[in-house]
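Participant: So that you have it, the file is run.txt, and it contains compact mmCIF, N, CA and C atoms:
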```txt
# COMPACT_ATOMS: atom_id res chain seq x y z
N MET G 1 22.52 2.07 -8.86
CA MET G 1 21.27 1.66 -8.25
C MET G 1 21.18 2.28 -6.86
N GLY G 2 20.00 2.73 -6.52
CA GLY G 2 19.79 3.32 -5.22
C GLY G 2 18.41 3.01 -4.71
N GLN G 3 18.22 3.29 -3.44
CA GLN G 3 16.93 3.08 -2.80
C GLN G 3 15.94 4.17 -3.26
N VAL G 4 14.74 3.75 -3.63
CA VAL G 4 13.69 4.68 -4.02
C VAL G 4 12.61 4.59 -2.94
N GLU G 5 12.06 5.74 -2.58
CA GLU G 5 11.05 5.77 -1.52
C GLU G 5 9.90 6.69 -1.91
N ALA G 6 8.68 6.21 -1.63
CA ALA G 6 7.47 7.02 -1.84
C ALA G 6 6.66 6.97 -0.55
N THR G 7 6.29 8.14 -0.02
CA THR G 7 5.53 8.21 1.23
C THR G 7 4.31 9.11 1.04
N THR G 8 3.20 8.66 1.57
CA THR G 8 1.94 9.41 1.55
C THR G 8 1.30 9.28 2.92
N GLU G 9 0.63 10.33 3.40
CA GLU G 9 -0.07 10.22 4.67
C GLU G 9 -1.36 11.00 4.63
N ARG G 10 -2.27 10.61 5.53
CA ARG G 10 -3.57 11.27 5.61
C ARG G 10 -4.13 11.06 7.02
N ILE G 11 -4.84 12.07 7.49
CA ILE G 11 -5.60 11.95 8.74
C ILE G 11 -7.00 11.47 8.35
N VAL G 12 -7.47 10.41 8.98
CA VAL G 12 -8.80 9.87 8.68
C VAL G 12 -9.62 9.79 9.96
N THR G 13 -10.93 9.85 9.80
CA THR G 13 -11.83 9.68 10.93
C THR G 13 -11.87 8.20 11.28
N GLY G 14 -11.80 7.91 12.57
CA GLY G 14 -11.84 6.53 13.03
C GLY G 14 -10.76 6.27 14.05
N LYS G 15 -11.09 5.42 15.01
CA LYS G 15 -10.09 5.03 16.01
C LYS G 15 -8.98 4.23 15.33
N PRO G 16 -7.74 4.38 15.80
CA PRO G 16 -6.62 3.69 15.15
C PRO G 16 -6.85 2.19 14.99
N GLU G 17 -7.41 1.53 16.00
CA GLU G 17 -7.60 0.08 15.89
C GLU G 17 -8.62 -0.26 14.80
N ASP G 18 -9.64 0.59 14.59
CA ASP G 18 -10.63 0.34 13.55
C ASP G 18 -10.04 0.60 12.16
N VAL G 19 -9.26 1.65 12.05
CA VAL G 19 -8.61 1.98 10.77
C VAL G 19 -7.61 0.88 10.41
N PHE G 20 -6.84 0.44 11.40
CA PHE G 20 -5.87 -0.64 11.16
C PHE G 20 -6.60 -1.90 10.72
N ASP G 21 -7.69 -2.24 11.41
CA ASP G 21 -8.46 -3.45 11.06
C ASP G 21 -8.98 -3.38 9.63
N ALA G 22 -9.40 -2.19 9.19
CA ALA G 22 -9.87 -2.03 7.81
C ALA G 22 -8.73 -2.30 6.82
N LEU G 23 -7.55 -1.74 7.09
CA LEU G 23 -6.40 -1.97 6.20
C LEU G 23 -5.96 -3.42 6.19
N ALA G 24 -6.05 -4.08 7.34
CA ALA G 24 -5.58 -5.46 7.48
C ALA G 24 -6.57 -6.48 6.94
N ASP G 25 -7.79 -6.04 6.60
CA ASP G 25 -8.82 -6.94 6.07
C ASP G 25 -8.64 -7.04 4.56
N TYR G 26 -7.81 -7.99 4.14
CA TYR G 26 -7.49 -8.16 2.73
C TYR G 26 -8.61 -8.87 1.96
N ARG G 27 -9.54 -9.50 2.65
CA ARG G 27 -10.63 -10.22 1.99
C ARG G 27 -11.78 -9.30 1.58
N GLU G 28 -12.24 -8.44 2.50
CA GLU G 28 -13.43 -7.64 2.25
C GLU G 28 -13.12 -6.16 2.01
N THR G 29 -12.43 -5.54 2.96
CA THR G 29 -12.26 -4.09 2.90
C THR G 29 -11.21 -3.66 1.88
N ARG G 30 -10.04 -4.27 1.91
CA ARG G 30 -8.94 -3.80 1.05
C ARG G 30 -9.34 -3.77 -0.43
N PRO G 31 -10.02 -4.78 -0.96
CA PRO G 31 -10.38 -4.69 -2.38
C PRO G 31 -11.25 -3.47 -2.71
N ARG G 32 -12.08 -3.03 -1.78
CA ARG G 32 -12.92 -1.85 -2.02
C ARG G 32 -12.11 -0.56 -2.04
N LEU G 33 -10.94 -0.58 -1.42
CA LEU G 33 -10.11 0.62 -1.31
C LEU G 33 -9.19 0.84 -2.51
N LEU G 34 -8.98 -0.21 -3.29
CA LEU G 34 -7.97 -0.15 -4.35
C LEU G 34 -8.42 0.70 -5.53
N PRO G 35 -7.57 1.64 -5.95
CA PRO G 35 -7.86 2.44 -7.15
C PRO G 35 -7.75 1.58 -8.40
N GLN G 36 -8.10 2.16 -9.53
CA GLN G 36 -8.13 1.43 -10.80
C GLN G 36 -6.77 0.91 -11.25
N GLN G 37 -5.69 1.41 -10.68
CA GLN G 37 -4.35 0.94 -11.09
C GLN G 37 -4.07 -0.49 -10.61
N PHE G 38 -4.90 -1.00 -9.70
CA PHE G 38 -4.73 -2.36 -9.20
C PHE G 38 -5.66 -3.29 -9.97
N SER G 39 -5.14 -4.45 -10.37
CA SER G 39 -5.97 -5.45 -11.06
C SER G 39 -5.54 -6.85 -10.61
N GLU G 40 -6.33 -7.83 -11.01
CA GLU G 40 -6.05 -9.24 -10.72
C GLU G 40 -5.81 -9.48 -9.23
N TYR G 41 -6.57 -8.79 -8.40
CA TYR G 41 -6.44 -8.90 -6.94
C TYR G 41 -6.91 -10.28 -6.48
N GLU G 42 -6.09 -10.93 -5.64
CA GLU G 42 -6.43 -12.27 -5.16
C GLU G 42 -5.74 -12.55 -3.83
N VAL G 43 -6.53 -12.93 -2.82
CA VAL G 43 -5.94 -13.38 -1.56
C VAL G 43 -5.59 -14.86 -1.73
N ARG G 44 -4.33 -15.20 -1.52
CA ARG G 44 -3.89 -16.58 -1.72
C ARG G 44 -3.78 -17.35 -0.42
N GLU G 45 -3.49 -16.64 0.67
CA GLU G 45 -3.43 -17.27 2.00
C GLU G 45 -3.93 -16.26 3.01
N GLY G 46 -4.55 -16.77 4.08
CA GLY G 46 -4.99 -15.89 5.15
C GLY G 46 -6.06 -14.92 4.68
N GLY G 47 -5.85 -13.65 4.97
CA GLY G 47 -6.79 -12.63 4.57
C GLY G 47 -6.97 -11.55 5.61
N ASP G 48 -6.42 -11.80 6.81
CA ASP G 48 -6.54 -10.82 7.89
C ASP G 48 -5.16 -10.58 8.51
N GLY G 49 -4.47 -9.56 8.00
CA GLY G 49 -3.19 -9.16 8.58
C GLY G 49 -2.10 -10.19 8.47
N GLU G 50 -1.36 -10.36 9.56
CA GLU G 50 -0.20 -11.26 9.65
C GLU G 50 -0.47 -12.60 8.98
N GLY G 51 0.47 -13.02 8.11
CA GLY G 51 0.35 -14.32 7.46
C GLY G 51 -0.41 -14.31 6.14
N THR G 52 -0.99 -13.17 5.79
CA THR G 52 -1.71 -13.08 4.52
C THR G 52 -0.72 -13.06 3.36
N VAL G 53 -1.08 -13.73 2.29
CA VAL G 53 -0.35 -13.63 1.03
C VAL G 53 -1.38 -13.18 0.00
N VAL G 54 -1.07 -12.06 -0.66
CA VAL G 54 -2.02 -11.45 -1.59
C VAL G 54 -1.30 -11.11 -2.90
N HIS G 55 -2.03 -11.25 -3.99
CA HIS G 55 -1.47 -10.95 -5.32
C HIS G 55 -2.27 -9.82 -5.96
N TRP G 56 -1.56 -8.95 -6.68
CA TRP G 56 -2.21 -7.98 -7.56
C TRP G 56 -1.23 -7.53 -8.60
N LYS G 57 -1.76 -6.90 -9.63
CA LYS G 57 -0.92 -6.22 -10.61
C LYS G 57 -1.14 -4.73 -10.40
N LEU G 58 -0.06 -3.99 -10.38
CA LEU G 58 -0.11 -2.54 -10.20
C LEU G 58 0.36 -1.87 -11.48
N GLN G 59 -0.56 -1.12 -12.10
CA GLN G 59 -0.26 -0.38 -13.33
C GLN G 59 0.29 0.97 -12.90
N ALA G 60 1.60 1.03 -12.71
CA ALA G 60 2.24 2.24 -12.20
C ALA G 60 2.20 3.37 -13.22
N THR G 61 2.41 3.05 -14.49
CA THR G 61 2.32 4.02 -15.59
C THR G 61 1.62 3.31 -16.75
N SER G 62 1.42 4.02 -17.85
CA SER G 62 0.76 3.39 -19.00
C SER G 62 1.59 2.22 -19.55
N LYS G 63 2.90 2.25 -19.32
CA LYS G 63 3.77 1.20 -19.86
C LYS G 63 4.31 0.25 -18.79
N ARG G 64 4.17 0.58 -17.54
CA ARG G 64 4.82 -0.19 -16.46
C ARG G 64 3.77 -0.87 -15.58
N VAL G 65 3.78 -2.23 -15.63
CA VAL G 65 2.90 -3.02 -14.78
C VAL G 65 3.78 -3.88 -13.89
N ARG G 66 3.53 -3.79 -12.60
CA ARG G 66 4.31 -4.56 -11.62
C ARG G 66 3.44 -5.70 -11.11
N ASP G 67 3.92 -6.95 -11.27
CA ASP G 67 3.22 -8.13 -10.78
C ASP G 67 3.69 -8.38 -9.35
N CYS G 68 2.78 -8.21 -8.39
CA CYS G 68 3.14 -8.24 -6.97
C CYS G 68 2.56 -9.47 -6.28
N LEU G 69 3.37 -10.15 -5.52
CA LEU G 69 2.94 -11.24 -4.65
C LEU G 69 3.48 -10.90 -3.27
N LEU G 70 2.59 -10.47 -2.38
CA LEU G 70 3.00 -9.85 -1.13
C LEU G 70 2.74 -10.74 0.08
N GLU G 71 3.74 -10.81 0.95
CA GLU G 71 3.60 -11.45 2.26
C GLU G 71 3.39 -10.35 3.28
N VAL G 72 2.37 -10.52 4.13
CA VAL G 72 2.01 -9.50 5.10
C VAL G 72 2.49 -9.90 6.49
N SER G 73 3.11 -8.94 7.18
CA SER G 73 3.50 -9.15 8.58
C SER G 73 3.03 -7.95 9.40
N GLU G 74 3.01 -8.13 10.70
CA GLU G 74 2.66 -7.06 11.64
C GLU G 74 3.77 -6.98 12.69
N PRO G 75 4.87 -6.30 12.35
CA PRO G 75 6.02 -6.28 13.26
C PRO G 75 5.76 -5.56 14.58
N THR G 76 4.90 -4.54 14.57
CA THR G 76 4.56 -3.81 15.79
C THR G 76 3.08 -3.45 15.74
N ASP G 77 2.51 -3.07 16.88
CA ASP G 77 1.12 -2.63 16.90
C ASP G 77 0.92 -1.46 15.95
N GLY G 78 -0.14 -1.53 15.17
CA GLY G 78 -0.46 -0.44 14.27
C GLY G 78 0.36 -0.41 13.00
N GLN G 79 1.07 -1.50 12.69
CA GLN G 79 1.92 -1.50 11.51
C GLN G 79 1.72 -2.78 10.69
N LEU G 80 1.48 -2.60 9.40
CA LEU G 80 1.41 -3.70 8.44
C LEU G 80 2.58 -3.54 7.48
N VAL G 81 3.26 -4.64 7.20
CA VAL G 81 4.36 -4.61 6.23
C VAL G 81 4.05 -5.62 5.14
N GLU G 82 4.07 -5.13 3.89
CA GLU G 82 3.84 -5.98 2.72
C GLU G 82 5.15 -6.12 1.96
N LYS G 83 5.73 -7.33 1.95
CA LYS G 83 6.99 -7.59 1.23
C LYS G 83 6.67 -8.35 -0.04
N ASP G 84 7.11 -7.78 -1.16
CA ASP G 84 6.85 -8.37 -2.46
C ASP G 84 7.84 -9.50 -2.72
N ARG G 85 7.33 -10.69 -2.97
CA ARG G 85 8.19 -11.84 -3.28
C ARG G 85 8.82 -11.71 -4.66
N ASN G 86 8.23 -10.85 -5.53
CA ASN G 86 8.70 -10.73 -6.91
C ASN G 86 9.67 -9.58 -7.14
N SER G 87 9.94 -8.79 -6.11
CA SER G 87 10.84 -7.65 -6.28
C SER G 87 11.39 -7.23 -4.91
N SER G 88 12.09 -6.12 -4.89
CA SER G 88 12.64 -5.59 -3.63
C SER G 88 11.66 -4.67 -2.93
N MET G 89 10.44 -4.50 -3.47
CA MET G 89 9.50 -3.54 -2.91
C MET G 89 8.96 -4.00 -1.55
N VAL G 90 8.99 -3.06 -0.60
CA VAL G 90 8.41 -3.25 0.72
C VAL G 90 7.52 -2.04 1.00
N THR G 91 6.26 -2.32 1.36
CA THR G 91 5.32 -1.24 1.68
C THR G 91 4.92 -1.36 3.13
N THR G 92 5.07 -0.27 3.88
CA THR G 92 4.75 -0.25 5.30
C THR G 92 3.60 0.71 5.54
N TRP G 93 2.55 0.21 6.20
CA TRP G 93 1.40 1.01 6.60
C TRP G 93 1.48 1.20 8.10
N THR G 94 1.44 2.45 8.55
CA THR G 94 1.51 2.74 9.98
C THR G 94 0.30 3.58 10.37
N VAL G 95 -0.43 3.11 11.38
CA VAL G 95 -1.63 3.81 11.86
C VAL G 95 -1.38 4.24 13.30
N THR G 96 -1.49 5.55 13.57
CA THR G 96 -1.28 6.08 14.92
C THR G 96 -2.43 7.04 15.27
N PRO G 97 -2.64 7.30 16.56
CA PRO G 97 -3.68 8.25 16.96
C PRO G 97 -3.37 9.66 16.46
N ALA G 98 -4.44 10.39 16.12
CA ALA G 98 -4.28 11.78 15.67
C ALA G 98 -5.39 12.64 16.26
N GLY G 99 -5.61 12.47 17.55
CA GLY G 99 -6.67 13.23 18.20
C GLY G 99 -7.91 12.36 18.39
N GLU G 100 -8.90 12.93 19.03
CA GLU G 100 -10.12 12.20 19.36
C GLU G 100 -10.82 11.63 18.12
N GLY G 101 -10.89 10.30 18.05
CA GLY G 101 -11.61 9.65 16.96
C GLY G 101 -10.98 9.81 15.59
N ARG G 102 -9.69 10.11 15.57
CA ARG G 102 -8.98 10.29 14.30
C ARG G 102 -7.67 9.51 14.31
N SER G 103 -7.21 9.19 13.12
CA SER G 103 -5.98 8.41 12.98
C SER G 103 -5.12 8.99 11.86
N ARG G 104 -3.82 8.89 12.05
CA ARG G 104 -2.87 9.24 10.99
C ARG G 104 -2.43 7.92 10.33
N VAL G 105 -2.58 7.88 9.02
CA VAL G 105 -2.14 6.71 8.27
C VAL G 105 -0.99 7.14 7.38
N VAL G 106 0.14 6.47 7.52
CA VAL G 106 1.31 6.75 6.70
C VAL G 106 1.64 5.48 5.93
N VAL G 107 1.78 5.61 4.62
CA VAL G 107 2.18 4.48 3.79
C VAL G 107 3.49 4.84 3.10
N THR G 108 4.48 3.96 3.24
CA THR G 108 5.80 4.17 2.64
C THR G 108 6.20 2.93 1.87
N SER G 109 6.54 3.11 0.61
CA SER G 109 7.06 2.02 -0.21
C SER G 109 8.51 2.32 -0.53
N THR G 110 9.34 1.30 -0.42
CA THR G 110 10.75 1.43 -0.78
C THR G 110 11.12 0.27 -1.69
N TRP G 111 12.06 0.50 -2.58
CA TRP G 111 12.57 -0.55 -3.44
C TRP G 111 13.92 -0.13 -3.98
N THR G 112 14.66 -1.10 -4.51
CA THR G 112 15.95 -0.84 -5.12
C THR G 112 15.70 -0.42 -6.56
N GLY G 113 16.10 0.79 -6.88
CA GLY G 113 15.85 1.35 -8.21
C GLY G 113 16.89 0.92 -9.21
N ALA G 114 16.59 1.20 -10.46
CA ALA G 114 17.50 0.91 -11.55
C ALA G 114 18.69 1.86 -11.52
N GLY G 115 19.72 1.51 -12.24
CA GLY G 115 20.88 2.38 -12.36
C GLY G 115 20.77 3.25 -13.61
N GLY G 116 21.75 4.09 -13.82
CA GLY G 116 21.84 4.89 -15.04
C GLY G 116 20.73 5.91 -15.19
N ILE G 117 20.48 6.28 -16.45
CA ILE G 117 19.49 7.30 -16.74
C ILE G 117 18.08 6.82 -16.39
N GLY G 118 17.81 5.54 -16.61
CA GLY G 118 16.51 4.97 -16.23
C GLY G 118 16.28 5.09 -14.74
N GLY G 119 17.33 4.86 -13.97
CA GLY G 119 17.24 5.00 -12.53
C GLY G 119 16.99 6.43 -12.10
N PHE G 120 17.59 7.37 -12.82
CA PHE G 120 17.36 8.78 -12.53
C PHE G 120 15.88 9.11 -12.68
N PHE G 121 15.30 8.69 -13.81
CA PHE G 121 13.88 8.96 -14.04
C PHE G 121 13.00 8.23 -13.04
N GLU G 122 13.38 7.01 -12.68
CA GLU G 122 12.62 6.25 -11.68
C GLU G 122 12.62 6.98 -10.34
N ARG G 123 13.79 7.41 -9.89
CA ARG G 123 13.89 8.11 -8.60
C ARG G 123 13.16 9.46 -8.63
N THR G 124 13.09 10.07 -9.82
CA THR G 124 12.44 11.38 -9.95
C THR G 124 10.92 11.27 -10.03
N PHE G 125 10.42 10.33 -10.82
CA PHE G 125 8.98 10.31 -11.12
C PHE G 125 8.19 9.21 -10.41
N ALA G 126 8.79 8.06 -10.16
CA ALA G 126 8.03 6.95 -9.56
C ALA G 126 7.46 7.29 -8.18
N PRO G 127 8.21 7.96 -7.29
CA PRO G 127 7.62 8.28 -5.99
C PRO G 127 6.37 9.16 -6.09
N LYS G 128 6.38 10.12 -7.02
CA LYS G 128 5.22 11.00 -7.19
C LYS G 128 4.02 10.21 -7.71
N GLY G 129 4.25 9.34 -8.67
CA GLY G 129 3.17 8.54 -9.24
C GLY G 129 2.59 7.59 -8.21
N LEU G 130 3.45 6.93 -7.45
CA LEU G 130 2.97 5.99 -6.43
C LEU G 130 2.25 6.75 -5.32
N ALA G 131 2.75 7.93 -4.97
CA ALA G 131 2.10 8.74 -3.94
C ALA G 131 0.67 9.11 -4.37
N ARG G 132 0.47 9.42 -5.66
CA ARG G 132 -0.88 9.73 -6.16
C ARG G 132 -1.80 8.52 -6.03
N ILE G 133 -1.28 7.34 -6.37
CA ILE G 133 -2.08 6.11 -6.26
C ILE G 133 -2.47 5.86 -4.81
N TYR G 134 -1.50 5.97 -3.90
CA TYR G 134 -1.79 5.71 -2.48
C TYR G 134 -2.65 6.82 -1.88
N ASP G 135 -2.55 8.04 -2.39
CA ASP G 135 -3.42 9.10 -1.90
C ASP G 135 -4.88 8.78 -2.23
N GLU G 136 -5.12 8.24 -3.41
CA GLU G 136 -6.48 7.83 -3.78
C GLU G 136 -6.97 6.69 -2.88
N LEU G 137 -6.09 5.73 -2.61
CA LEU G 137 -6.45 4.64 -1.70
C LEU G 137 -6.77 5.18 -0.31
N LEU G 138 -5.97 6.10 0.18
CA LEU G 138 -6.22 6.67 1.51
C LEU G 138 -7.51 7.49 1.55
N ALA G 139 -7.86 8.13 0.45
CA ALA G 139 -9.14 8.85 0.38
C ALA G 139 -10.29 7.86 0.49
N LYS G 140 -10.17 6.72 -0.16
CA LYS G 140 -11.21 5.68 -0.06
C LYS G 140 -11.26 5.10 1.35
N LEU G 141 -10.09 4.95 1.98
CA LEU G 141 -10.04 4.48 3.37
C LEU G 141 -10.75 5.48 4.27
N ALA G 142 -10.51 6.77 4.07
CA ALA G 142 -11.14 7.81 4.88
C ALA G 142 -12.66 7.73 4.75
N ALA G 143 -13.14 7.52 3.54
CA ALA G 143 -14.60 7.40 3.33
C ALA G 143 -15.13 6.14 4.01
N GLU G 144 -14.37 5.07 3.94
CA GLU G 144 -14.77 3.78 4.53
C GLU G 144 -14.87 3.88 6.05
N THR G 145 -13.88 4.50 6.68
CA THR G 145 -13.83 4.53 8.15
C THR G 145 -14.71 5.62 8.74
N ALA G 146 -15.15 6.57 7.93
CA ALA G 146 -16.01 7.65 8.42
C ALA G 146 -17.46 7.19 8.59
N GLN G 147 -17.78 6.04 8.02
CA GLN G 147 -19.17 5.54 8.07
C GLN G 147 -19.55 5.06 9.46
```
Kindly return the structure encoded in the file as structure tokens.

Facilitator:
Amino acid sequence: MGQVEATTERIVTGKPEDVFDALADYRETRPRLLPQQFSEYEVREGGDGEGTVVHWKLQATSKRVRDCLLEVSEPTDGQLVEKDRNSSMVTTWTVTPAGEGRSRVVVTSTWTGAGGIGGFFERTFAPKGLARIYDELLAKLAAETAQ
């Protein structure tokens, strides 16, 4: 078993605080950003950044559905951390300035992967698949914050 990591980043139009606020808005904005791989989305507590508890199912592949119950924290300015209560997955969103009226958004998910041959395939293919999903989410974020 080893640590698996998937990272995606994008430069988006919008001041970092506005982009961060959009990501941290789990009630209104975040549901609009989610690609089709997310289902059964539900805010269970809070809804705005720190202290939010949110549920969704993530269809990572045609055969793999991950049931996620996430606790949200904001350990530092410009950073959201989503820790899954149902697994070892932790997703960190970091928003930093990237020039006048632009922001860099980096999303990194890490989890403890399986062992053996299954773990080999997980470490090889899961990061690419998750990166594609998050790239679509970041494209929707870019469209949202450009308005």

Participant: Record the distance separating CA of Pro35 in chain G and CA of Leu137 in chain G, expressed in Å with one decimal.

Facilitator: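 Separation between CA of Pro35 in chain G and CA of Leu137 in chain G: 6.0 Å.
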
Participant: What's around Gly101 in chain G at 6.5 Å? Count only N, CA and C atoms, leave out sequence neighbours fewer than 3 positions away in its own chain, and write the answer as number ranges by chain.

Facilitator: G: 12-16, 98

Participant: What residues in chain G get the DSSP label strand (DSSP E or B)? Please answer as an MDAnalysis selection string.

Facilitator: chainID G and resid 3:13 25 38:45 48 53:59 65:73 79:84 90:97 102:112

Participant: What is the distance between atom C of Arg102 in chain G and atom N of Pro75 in chain G, in Å to one decimal?

Facilitator: 20.3 Å

Participant: Would you mind telling me which residue in G:Ala60, G:Gly47, G:Gln147, G:Thr7 lies nearest to Glu28 in chain G when using only C-alpha atoms?

Facilitator: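 When distances to Glu28 in chain G are compared using only C-alpha atoms, the smallest one comes from G:Gly47.
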
Participant: As a short mmCIF file (atom, residue, chain, number, x, y, z; two decimals) with N, CA and C atoms, in the frame of the given file, please: the residues near Tyr134 in chain G (cut-off 8 Å, all atoms listed in the file, same-chain neighbours under 6 positions excluded).

Facilitator:
```cif
data_model
loop_
_atom_site.label_atom_id
_atom_site.label_comp_id
_atom_site.auth_asym_id
_atom_site.auth_seq_id
_atom_site.Cartn_x
_atom_site.Cartn_y
_atom_site.Cartn_z
N THR G 7 6.29 8.14 -0.02
CA THR G 7 5.53 8.21 1.23
C THR G 7 4.31 9.11 1.04
N THR G 8 3.20 8.66 1.57
CA THR G 8 1.94 9.41 1.55
C THR G 8 1.30 9.28 2.92
N GLU G 9 0.63 10.33 3.40
CA GLU G 9 -0.07 10.22 4.67
C GLU G 9 -1.36 11.00 4.63
N PRO G 35 -7.57 1.64 -5.95
CA PRO G 35 -7.86 2.44 -7.15
C PRO G 35 -7.75 1.58 -8.40
N VAL G 107 1.78 5.61 4.62
CA VAL G 107 2.18 4.48 3.79
C VAL G 107 3.49 4.84 3.10
N LYS G 128 6.38 10.12 -7.02
CA LYS G 128 5.22 11.00 -7.19
C LYS G 128 4.02 10.21 -7.71
N LYS G 140 -10.17 6.72 -0.16
CA LYS G 140 -11.21 5.68 -0.06
C LYS G 140 -11.26 5.10 1.35
#
```

Participant: What does the structure give for the distance between CA of Val54 in chain G and CA of Gln36 in chain G, in Å to one decimal?

Facilitator: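 Separating CA of Val54 in chain G from CA of Gln36 in chain G is a distance of 17.0 Å.
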
Participant: Give me every alpha helix (DSSP H) residue in chain G, going by DSSP on the backbone, as a compact mmCIF listing (two decimals) with N, CA and C atoms, keeping the file's coordinate frame.

Facilitator:
```txt
# COMPACT_ATOMS: atom_id res chain seq x y z
N PRO G 16 -7.74 4.38 15.80
CA PRO G 16 -6.62 3.69 15.15
C PRO G 16 -6.85 2.19 14.99
N GLU G 17 -7.41 1.53 16.00
CA GLU G 17 -7.60 0.08 15.89
C GLU G 17 -8.62 -0.26 14.80
N ASP G 18 -9.64 0.59 14.59
CA ASP G 18 -10.63 0.34 13.55
C ASP G 18 -10.04 0.60 12.16
N VAL G 19 -9.26 1.65 12.05
CA VAL G 19 -8.61 1.98 10.77
C VAL G 19 -7.61 0.88 10.41
N PHE G 20 -6.84 0.44 11.40
CA PHE G 20 -5.87 -0.64 11.16
C PHE G 20 -6.60 -1.90 10.72
N ASP G 21 -7.69 -2.24 11.41
CA ASP G 21 -8.46 -3.45 11.06
C ASP G 21 -8.98 -3.38 9.63
N ALA G 22 -9.40 -2.19 9.19
CA ALA G 22 -9.87 -2.03 7.81
C ALA G 22 -8.73 -2.30 6.82
N LEU G 23 -7.55 -1.74 7.09
CA LEU G 23 -6.40 -1.97 6.20
C LEU G 23 -5.96 -3.42 6.19
N ALA G 24 -6.05 -4.08 7.34
CA ALA G 24 -5.58 -5.46 7.48
C ALA G 24 -6.57 -6.48 6.94
N THR G 29 -12.43 -5.54 2.96
CA THR G 29 -12.26 -4.09 2.90
C THR G 29 -11.21 -3.66 1.88
N ARG G 30 -10.04 -4.27 1.91
CA ARG G 30 -8.94 -3.80 1.05
C ARG G 30 -9.34 -3.77 -0.43
N PRO G 31 -10.02 -4.78 -0.96
CA PRO G 31 -10.38 -4.69 -2.38
C PRO G 31 -11.25 -3.47 -2.71
N ARG G 32 -12.08 -3.03 -1.78
CA ARG G 32 -12.92 -1.85 -2.02
C ARG G 32 -12.11 -0.56 -2.04
N LEU G 33 -10.94 -0.58 -1.42
CA LEU G 33 -10.11 0.62 -1.31
C LEU G 33 -9.19 0.84 -2.51
N GLY G 116 21.75 4.09 -13.82
CA GLY G 116 21.84 4.89 -15.04
C GLY G 116 20.73 5.91 -15.19
N ILE G 117 20.48 6.28 -16.45
CA ILE G 117 19.49 7.30 -16.74
C ILE G 117 18.08 6.82 -16.39
N GLY G 118 17.81 5.54 -16.61
CA GLY G 118 16.51 4.97 -16.23
C GLY G 118 16.28 5.09 -14.74
N GLY G 119 17.33 4.86 -13.97
CA GLY G 119 17.24 5.00 -12.53
C GLY G 119 16.99 6.43 -12.10
N PHE G 120 17.59 7.37 -12.82
CA PHE G 120 17.36 8.78 -12.53
C PHE G 120 15.88 9.11 -12.68
N PHE G 121 15.30 8.69 -13.81
CA PHE G 121 13.88 8.96 -14.04
C PHE G 121 13.00 8.23 -13.04
N GLU G 122 13.38 7.01 -12.68
CA GLU G 122 12.62 6.25 -11.68
C GLU G 122 12.62 6.98 -10.34
N ARG G 123 13.79 7.41 -9.89
CA ARG G 123 13.89 8.11 -8.60
C ARG G 123 13.16 9.46 -8.63
N THR G 124 13.09 10.07 -9.82
CA THR G 124 12.44 11.38 -9.95
C THR G 124 10.92 11.27 -10.03
N PHE G 125 10.42 10.33 -10.82
CA PHE G 125 8.98 10.31 -11.12
C PHE G 125 8.19 9.21 -10.41
N ALA G 126 8.79 8.06 -10.16
CA ALA G 126 8.03 6.95 -9.56
C ALA G 126 7.46 7.29 -8.18
N PRO G 127 8.21 7.96 -7.29
CA PRO G 127 7.62 8.28 -5.99
C PRO G 127 6.37 9.16 -6.09
N LYS G 128 6.38 10.12 -7.02
CA LYS G 128 5.22 11.00 -7.19
C LYS G 128 4.02 10.21 -7.71
N GLY G 129 4.25 9.34 -8.67
CA GLY G 129 3.17 8.54 -9.24
C GLY G 129 2.59 7.59 -8.21
N LEU G 130 3.45 6.93 -7.45
CA LEU G 130 2.97 5.99 -6.43
C LEU G 130 2.25 6.75 -5.32
N ALA G 131 2.75 7.93 -4.97
CA ALA G 131 2.10 8.74 -3.94
C ALA G 131 0.67 9.11 -4.37
N ARG G 132 0.47 9.42 -5.66
CA ARG G 132 -0.88 9.73 -6.16
C ARG G 132 -1.80 8.52 -6.03
N ILE G 133 -1.28 7.34 -6.37
CA ILE G 133 -2.08 6.11 -6.26
C ILE G 133 -2.47 5.86 -4.81
N TYR G 134 -1.50 5.97 -3.90
CA TYR G 134 -1.79 5.71 -2.48
C TYR G 134 -2.65 6.82 -1.88
N ASP G 135 -2.55 8.04 -2.39
CA ASP G 135 -3.42 9.10 -1.90
C ASP G 135 -4.88 8.78 -2.23
N GLU G 136 -5.12 8.24 -3.41
CA GLU G 136 -6.48 7.83 -3.78
C GLU G 136 -6.97 6.69 -2.88
N LEU G 137 -6.09 5.73 -2.61
CA LEU G 137 -6.45 4.64 -1.70
C LEU G 137 -6.77 5.18 -0.31
N LEU G 138 -5.97 6.10 0.18
CA LEU G 138 -6.22 6.67 1.51
C LEU G 138 -7.51 7.49 1.55
N ALA G 139 -7.86 8.13 0.45
CA ALA G 139 -9.14 8.85 0.38
C ALA G 139 -10.29 7.86 0.49
N LYS G 140 -10.17 6.72 -0.16
CA LYS G 140 -11.21 5.68 -0.06
C LYS G 140 -11.26 5.10 1.35
N LEU G 141 -10.09 4.95 1.98
CA LEU G 141 -10.04 4.48 3.37
C LEU G 141 -10.75 5.48 4.27
N ALA G 142 -10.51 6.77 4.07
CA ALA G 142 -11.14 7.81 4.88
C ALA G 142 -12.66 7.73 4.75
N ALA G 143 -13.14 7.52 3.54
CA ALA G 143 -14.60 7.40 3.33
C ALA G 143 -15.13 6.14 4.01
N GLU G 144 -14.37 5.07 3.94
CA GLU G 144 -14.77 3.78 4.53
C GLU G 144 -14.87 3.88 6.05
N THR G 145 -13.88 4.50 6.68
CA THR G 145 -13.83 4.53 8.15
C THR G 145 -14.71 5.62 8.74
```

Participant: As a PyMOL selection string, please: the residues near Tyr41 in chain G (cut-off 8 Å, only C-alpha atoms, same-chain neighbours under 2 positions excluded).

Facilitator: chain G and resi 31+38-39+43+54-57

Participant: If you take every atom of range 92-111 of chain G that the file lists and fit an axis-aligned box around them with 6 Å extra on each side, what centre and edge lengths come out in Å to one decimal, as AutoDock Vina command-line options?

Facilitator:
```
--center_x 1.2 --center_y 6.3 --center_z 7.7 --size_x 37.5 --size_y 25.8 --size_z 35.3
```
